[in-house]
Each structure stands twice: as structure tokens, then as C-alpha cells.
Amino acid sequence: MAYTITRLCTDCLDTACVKICPVECIYEYAGSSPSHFRNQLYIDPEECIDCGACEPECPWGAIFQEEAVPEIFADDIALNHAIRERRDEFKLATYRPMPQPTPDQVAENKRKWGADPSLTSARLAAKYKHEPRKRA
Ligand code: SF4
Ligand code: SF4
């Protein structure tokens, strides 16, 4: 099992997850398809040891255990898995501290990506359960 970074990370990039991850398995996209890979971080699902340390560190609530990724963000699982086939297009993310977002900013970010802004990550996962899909 692994954790997944979803689109709620887009353009936030405070990298608190990078600082806490014990195995350095969080990457940024550095290839030539930025329209396909948004400006966010991604977790290598095979290097991730499923420790869960990053999830509560993310101030934007962008990280979910893969099985708990809300259906509205389910396509993001494949983007994290793409690291396995496109390794040369990703580089290890480095820690760059950023100011904490306000609760209003976090809520607006959820709204922007189609999620109910009043819900915590756990409630988002419960409300928008995804069906596991086969990936190439
Ligand atoms: S679950 Fe643990 S190993 Fe996996 S990305 Fe998060 S901090 Fe790193
Ligand atoms: S802590 Fe959250 S928002 Fe920040 S880079 Fe990591 S996943 Fe993205």
C-alpha cells in the first residue's frame, strides 16, 4: 500500500511532506508535459513504506492513503504511479518552507477542485469513496 498526493497540492508546494518523509519518496515533475502533470508533488508508490507520517503534515489535506483517495481525485493515483514508468521525468523534491494557509484558503482550494470545503480529509474520503481501478 502507498499514499497518494492529490490535486489539492497544486501550486501549494509547501513541502512539509518532504521534510517528514523518512524514505525520500516524494518527487516533483521535471519533464516536458506540464499540462499532464500539474504543479504538485507526487509519491512513488513502490518506495513509499505506508508510514502515514506525511498525511497529517499536509496543511492542504492533499495526501490520502491510496485506497482512501476520494473518487473525485481518483485520476491522481495514476499520476503518482507514473513515476515508475517515467522516472527520468521526475526529481526528488526538496524542502522549501512556506507560510501556513488559512482555513479559508484551505476551504477555497477544496471548492476549486470540486470537493465539499466543509469536510475534513477523512470525511472527504468517506463521502467520495472510489472503486479501485486497473492501471496499466
Ligand atoms: S506515507 Fe510515509 S513513506 Fe509514504 S510518502 Fe508519506 S511519509 Fe513518505
Ligand atoms: S505538504 Fe501537502 S501541499 Fe505541501 S507539498 Fe506536500 S502534499 Fe503538497
# chains A, B, ... in the order shown; residues from 1 in each chain; ligands from 1
>>> residues_near_ligand(ligand="ligand 1", cutoff="7 Å", atoms="only C-alpha atoms and all ligand atoms", output="VMD selection string")
chain A and resid 2 to 3 17 20 to 26 43 48 to 55
>>> select_by_dssp(residues="chain A", states="alpha helix (DSSP H)", output="VMD selection string")
chain A and resid 16 to 20 54 to 57 75 to 85 103 to 112 121 to 127
>>> write_last_selection(atoms="N, CA and C atoms", output="short mmCIF file (atom, residue, chain, number, x, y, z; two decimals), in the first residue's frame")
data_model
loop_
_atom_site.label_atom_id
_atom_site.label_comp_id
_atom_site.auth_asym_id
_atom_site.auth_seq_id
_atom_site.Cartn_x
_atom_site.Cartn_y
_atom_site.Cartn_z
N ALA A 16 5.97 20.38 3.34
CA ALA A 16 6.01 19.82 4.70
C ALA A 16 6.10 18.30 4.64
N CYS A 17 5.48 17.70 3.63
CA CYS A 17 5.53 16.25 3.47
C CYS A 17 6.95 15.77 3.19
N VAL A 18 7.68 16.55 2.42
CA VAL A 18 9.06 16.18 2.07
C VAL A 18 9.92 16.16 3.32
N LYS A 19 9.71 17.14 4.16
CA LYS A 19 10.52 17.24 5.38
C LYS A 19 10.32 16.03 6.29
N ILE A 20 9.10 15.52 6.36
CA ILE A 20 8.80 14.46 7.32
C ILE A 20 9.03 13.05 6.76
N CYS A 54 3.28 11.64 6.46
CA CYS A 54 3.08 12.85 5.65
C CYS A 54 1.64 13.36 5.72
N GLU A 55 0.68 12.47 5.86
CA GLU A 55 -0.72 12.86 5.74
C GLU A 55 -1.11 14.00 6.71
N PRO A 56 -0.83 13.85 8.00
CA PRO A 56 -1.24 14.94 8.91
C PRO A 56 -0.37 16.19 8.78
N GLU A 57 0.78 16.08 8.13
CA GLU A 57 1.66 17.23 7.97
C GLU A 57 1.18 18.18 6.89
N ASP A 75 -8.25 10.00 -10.43
CA ASP A 75 -7.30 10.03 -11.56
C ASP A 75 -5.89 10.37 -11.10
N ASP A 76 -5.77 11.00 -9.95
CA ASP A 76 -4.45 11.41 -9.47
C ASP A 76 -3.60 10.21 -9.04
N ILE A 77 -4.24 9.08 -8.75
CA ILE A 77 -3.49 7.87 -8.37
C ILE A 77 -2.55 7.48 -9.51
N ALA A 78 -3.08 7.48 -10.73
CA ALA A 78 -2.26 7.09 -11.89
C ALA A 78 -1.10 8.06 -12.09
N LEU A 79 -1.30 9.33 -11.79
CA LEU A 79 -0.21 10.30 -11.96
C LEU A 79 0.93 9.99 -10.98
N ASN A 80 0.59 9.60 -9.76
CA ASN A 80 1.63 9.20 -8.81
C ASN A 80 2.33 7.92 -9.29
N HIS A 81 1.56 6.98 -9.82
CA HIS A 81 2.15 5.72 -10.30
C HIS A 81 3.02 5.94 -11.53
N ALA A 82 2.78 7.02 -12.26
CA ALA A 82 3.56 7.27 -13.49
C ALA A 82 5.04 7.43 -13.20
N ILE A 83 5.39 7.74 -11.96
CA ILE A 83 6.81 7.85 -11.60
C ILE A 83 7.54 6.55 -11.94
N ARG A 84 6.86 5.43 -11.81
CA ARG A 84 7.52 4.14 -12.03
C ARG A 84 7.97 3.98 -13.48
N GLU A 85 7.14 4.48 -14.41
CA GLU A 85 7.49 4.30 -15.83
C GLU A 85 8.24 5.49 -16.41
N PRO A 103 -7.52 28.74 7.23
CA PRO A 103 -8.65 27.82 7.00
C PRO A 103 -9.47 28.23 5.77
N ASP A 104 -9.62 29.53 5.55
CA ASP A 104 -10.38 29.99 4.37
C ASP A 104 -9.68 29.59 3.07
N GLN A 105 -8.35 29.69 3.06
CA GLN A 105 -7.61 29.30 1.86
C GLN A 105 -7.74 27.80 1.59
N VAL A 106 -7.68 27.01 2.67
CA VAL A 106 -7.82 25.56 2.52
C VAL A 106 -9.21 25.22 1.98
N ALA A 107 -10.23 25.88 2.52
CA ALA A 107 -11.60 25.63 2.08
C ALA A 107 -11.77 26.05 0.62
N GLU A 108 -11.22 27.19 0.24
CA GLU A 108 -11.34 27.67 -1.14
C GLU A 108 -10.64 26.72 -2.11
N ASN A 109 -9.51 26.17 -1.68
CA ASN A 109 -8.79 25.22 -2.53
C ASN A 109 -9.63 23.96 -2.77
N LYS A 110 -10.28 23.47 -1.71
CA LYS A 110 -11.14 22.29 -1.87
C LYS A 110 -12.28 22.60 -2.84
N ARG A 111 -12.89 23.79 -2.66
CA ARG A 111 -14.01 24.19 -3.51
C ARG A 111 -13.55 24.25 -4.97
N LYS A 112 -12.37 24.81 -5.17
CA LYS A 112 -11.82 24.97 -6.53
C LYS A 112 -11.71 23.63 -7.26
N SER A 121 -10.37 15.70 5.56
CA SER A 121 -9.89 14.68 4.62
C SER A 121 -10.58 13.35 4.85
N ALA A 122 -10.72 12.96 6.13
CA ALA A 122 -11.35 11.67 6.43
C ALA A 122 -12.80 11.64 5.94
N ARG A 123 -13.49 12.76 6.11
CA ARG A 123 -14.89 12.79 5.68
C ARG A 123 -14.99 12.88 4.16
N LEU A 124 -14.02 13.56 3.53
CA LEU A 124 -13.99 13.58 2.07
C LEU A 124 -13.82 12.16 1.54
N ALA A 125 -12.89 11.41 2.16
CA ALA A 125 -12.63 10.04 1.72
C ALA A 125 -13.89 9.18 1.88
N ALA A 126 -14.61 9.40 2.97
CA ALA A 126 -15.81 8.60 3.21
C ALA A 126 -16.94 8.99 2.26
N LYS A 127 -17.05 10.28 1.96
CA LYS A 127 -18.15 10.75 1.11
C LYS A 127 -17.94 10.36 -0.35
#
>>> closest_residue(among="A:Leu92, A:Ala62, A:Ala30, A:Met98", to="ligand 2", atoms="only C-alpha atoms and all ligand atoms")
A:Ala62
>>> residues_near_ligand(ligand="ligand 2", cutoff="7 Å", atoms="only C-alpha atoms and all ligand atoms", output="number ranges by chain")
A: 5, 8-10, 12-18, 40-41, 57-63
>>> write_last_selection(atoms="N, CA and C atoms", output="PDB file, in the first residue's frame")
ATOM      1  N   ILE A   5      -0.538  11.704  -3.419  1.00  0.00           N
ATOM      2  CA  ILE A   5      -0.764  13.159  -3.346  1.00  0.00           C
ATOM      3  C   ILE A   5      -1.758  13.531  -4.444  1.00  0.00           C
ATOM      4  N   LEU A   8      -5.157  18.568  -4.714  1.00  0.00           N
ATOM      5  CA  LEU A   8      -5.259  19.629  -3.704  1.00  0.00           C
ATOM      6  C   LEU A   8      -3.897  20.243  -3.396  1.00  0.00           C
ATOM      7  N   CYS A   9      -2.839  19.560  -3.790  1.00  0.00           N
ATOM      8  CA  CYS A   9      -1.468  20.081  -3.595  1.00  0.00           C
ATOM      9  C   CYS A   9      -1.091  21.134  -4.632  1.00  0.00           C
ATOM     10  N   THR A  10      -1.817  21.179  -5.746  1.00  0.00           N
ATOM     11  CA  THR A  10      -1.410  22.000  -6.888  1.00  0.00           C
ATOM     12  C   THR A  10      -1.113  23.447  -6.497  1.00  0.00           C
ATOM     13  N   CYS A  12       0.566  24.623  -4.273  1.00  0.00           N
ATOM     14  CA  CYS A  12       0.768  24.886  -2.837  1.00  0.00           C
ATOM     15  C   CYS A  12       2.229  24.626  -2.483  1.00  0.00           C
ATOM     16  N   LEU A  13       2.649  23.384  -2.655  1.00  0.00           N
ATOM     17  CA  LEU A  13       4.075  23.051  -2.634  1.00  0.00           C
ATOM     18  C   LEU A  13       4.849  23.559  -1.422  1.00  0.00           C
ATOM     19  N   ASP A  14       4.229  23.530  -0.262  1.00  0.00           N
ATOM     20  CA  ASP A  14       4.985  23.965   0.924  1.00  0.00           C
ATOM     21  C   ASP A  14       6.003  22.908   1.359  1.00  0.00           C
ATOM     22  N   THR A  15       5.822  21.696   0.854  1.00  0.00           N
ATOM     23  CA  THR A  15       6.786  20.597   1.050  1.00  0.00           C
ATOM     24  C   THR A  15       6.938  20.127   2.498  1.00  0.00           C
ATOM     25  N   ALA A  16       5.966  20.376   3.345  1.00  0.00           N
ATOM     26  CA  ALA A  16       6.012  19.818   4.701  1.00  0.00           C
ATOM     27  C   ALA A  16       6.099  18.297   4.639  1.00  0.00           C
ATOM     28  N   CYS A  17       5.479  17.702   3.632  1.00  0.00           N
ATOM     29  CA  CYS A  17       5.525  16.246   3.469  1.00  0.00           C
ATOM     30  C   CYS A  17       6.945  15.772   3.187  1.00  0.00           C
ATOM     31  N   VAL A  18       7.675  16.548   2.418  1.00  0.00           N
ATOM     32  CA  VAL A  18       9.059  16.178   2.068  1.00  0.00           C
ATOM     33  C   VAL A  18       9.923  16.162   3.316  1.00  0.00           C
ATOM     34  N   GLN A  40       2.506  20.043  -8.746  1.00  0.00           N
ATOM     35  CA  GLN A  40       2.283  19.495  -7.411  1.00  0.00           C
ATOM     36  C   GLN A  40       3.359  18.444  -7.176  1.00  0.00           C
ATOM     37  N   LEU A  41       3.366  17.825  -6.008  1.00  0.00           N
ATOM     38  CA  LEU A  41       4.309  16.744  -5.751  1.00  0.00           C
ATOM     39  C   LEU A  41       3.611  15.394  -5.935  1.00  0.00           C
ATOM     40  N   GLU A  57       0.782  16.080   8.135  1.00  0.00           N
ATOM     41  CA  GLU A  57       1.664  17.235   7.971  1.00  0.00           C
ATOM     42  C   GLU A  57       1.176  18.180   6.885  1.00  0.00           C
ATOM     43  N   CYS A  58       0.389  17.663   5.966  1.00  0.00           N
ATOM     44  CA  CYS A  58      -0.023  18.478   4.810  1.00  0.00           C
ATOM     45  C   CYS A  58      -1.098  19.469   5.223  1.00  0.00           C
ATOM     46  N   PRO A  59      -0.809  20.760   5.191  1.00  0.00           N
ATOM     47  CA  PRO A  59      -1.799  21.741   5.651  1.00  0.00           C
ATOM     48  C   PRO A  59      -2.985  21.885   4.698  1.00  0.00           C
ATOM     49  N   TRP A  60      -2.836  21.357   3.474  1.00  0.00           N
ATOM     50  CA  TRP A  60      -3.921  21.473   2.491  1.00  0.00           C
ATOM     51  C   TRP A  60      -4.779  20.213   2.435  1.00  0.00           C
ATOM     52  N   GLY A  61      -4.460  19.191   3.224  1.00  0.00           N
ATOM     53  CA  GLY A  61      -5.249  17.949   3.209  1.00  0.00           C
ATOM     54  C   GLY A  61      -5.172  17.234   1.875  1.00  0.00           C
ATOM     55  N   ALA A  62      -4.003  17.312   1.227  1.00  0.00           N
ATOM     56  CA  ALA A  62      -3.875  16.787  -0.136  1.00  0.00           C
ATOM     57  C   ALA A  62      -3.460  15.331  -0.204  1.00  0.00           C
ATOM     58  N   ILE A  63      -3.056  14.750   0.940  1.00  0.00           N
ATOM     59  CA  ILE A  63      -2.491  13.403   0.915  1.00  0.00           C
ATOM     60  C   ILE A  63      -3.481  12.399   1.501  1.00  0.00           C
TER      61      ILE A  63
END
>>> closest_residue(among="A:Val69, A:Pro45, A:His36, A:Asp11", to="Lys129 in chain A", atoms="only C-alpha atoms")
A:Val69
>>> atom_distance(atom1="CA of Thr94 in chain A", atom2="CA of Pro70 in chain A")
26.8 Å
>>> atom_distance(atom1="CA of Trp113 in chain A", atom2="CA of Pro101 in chain A")
16.4 Å
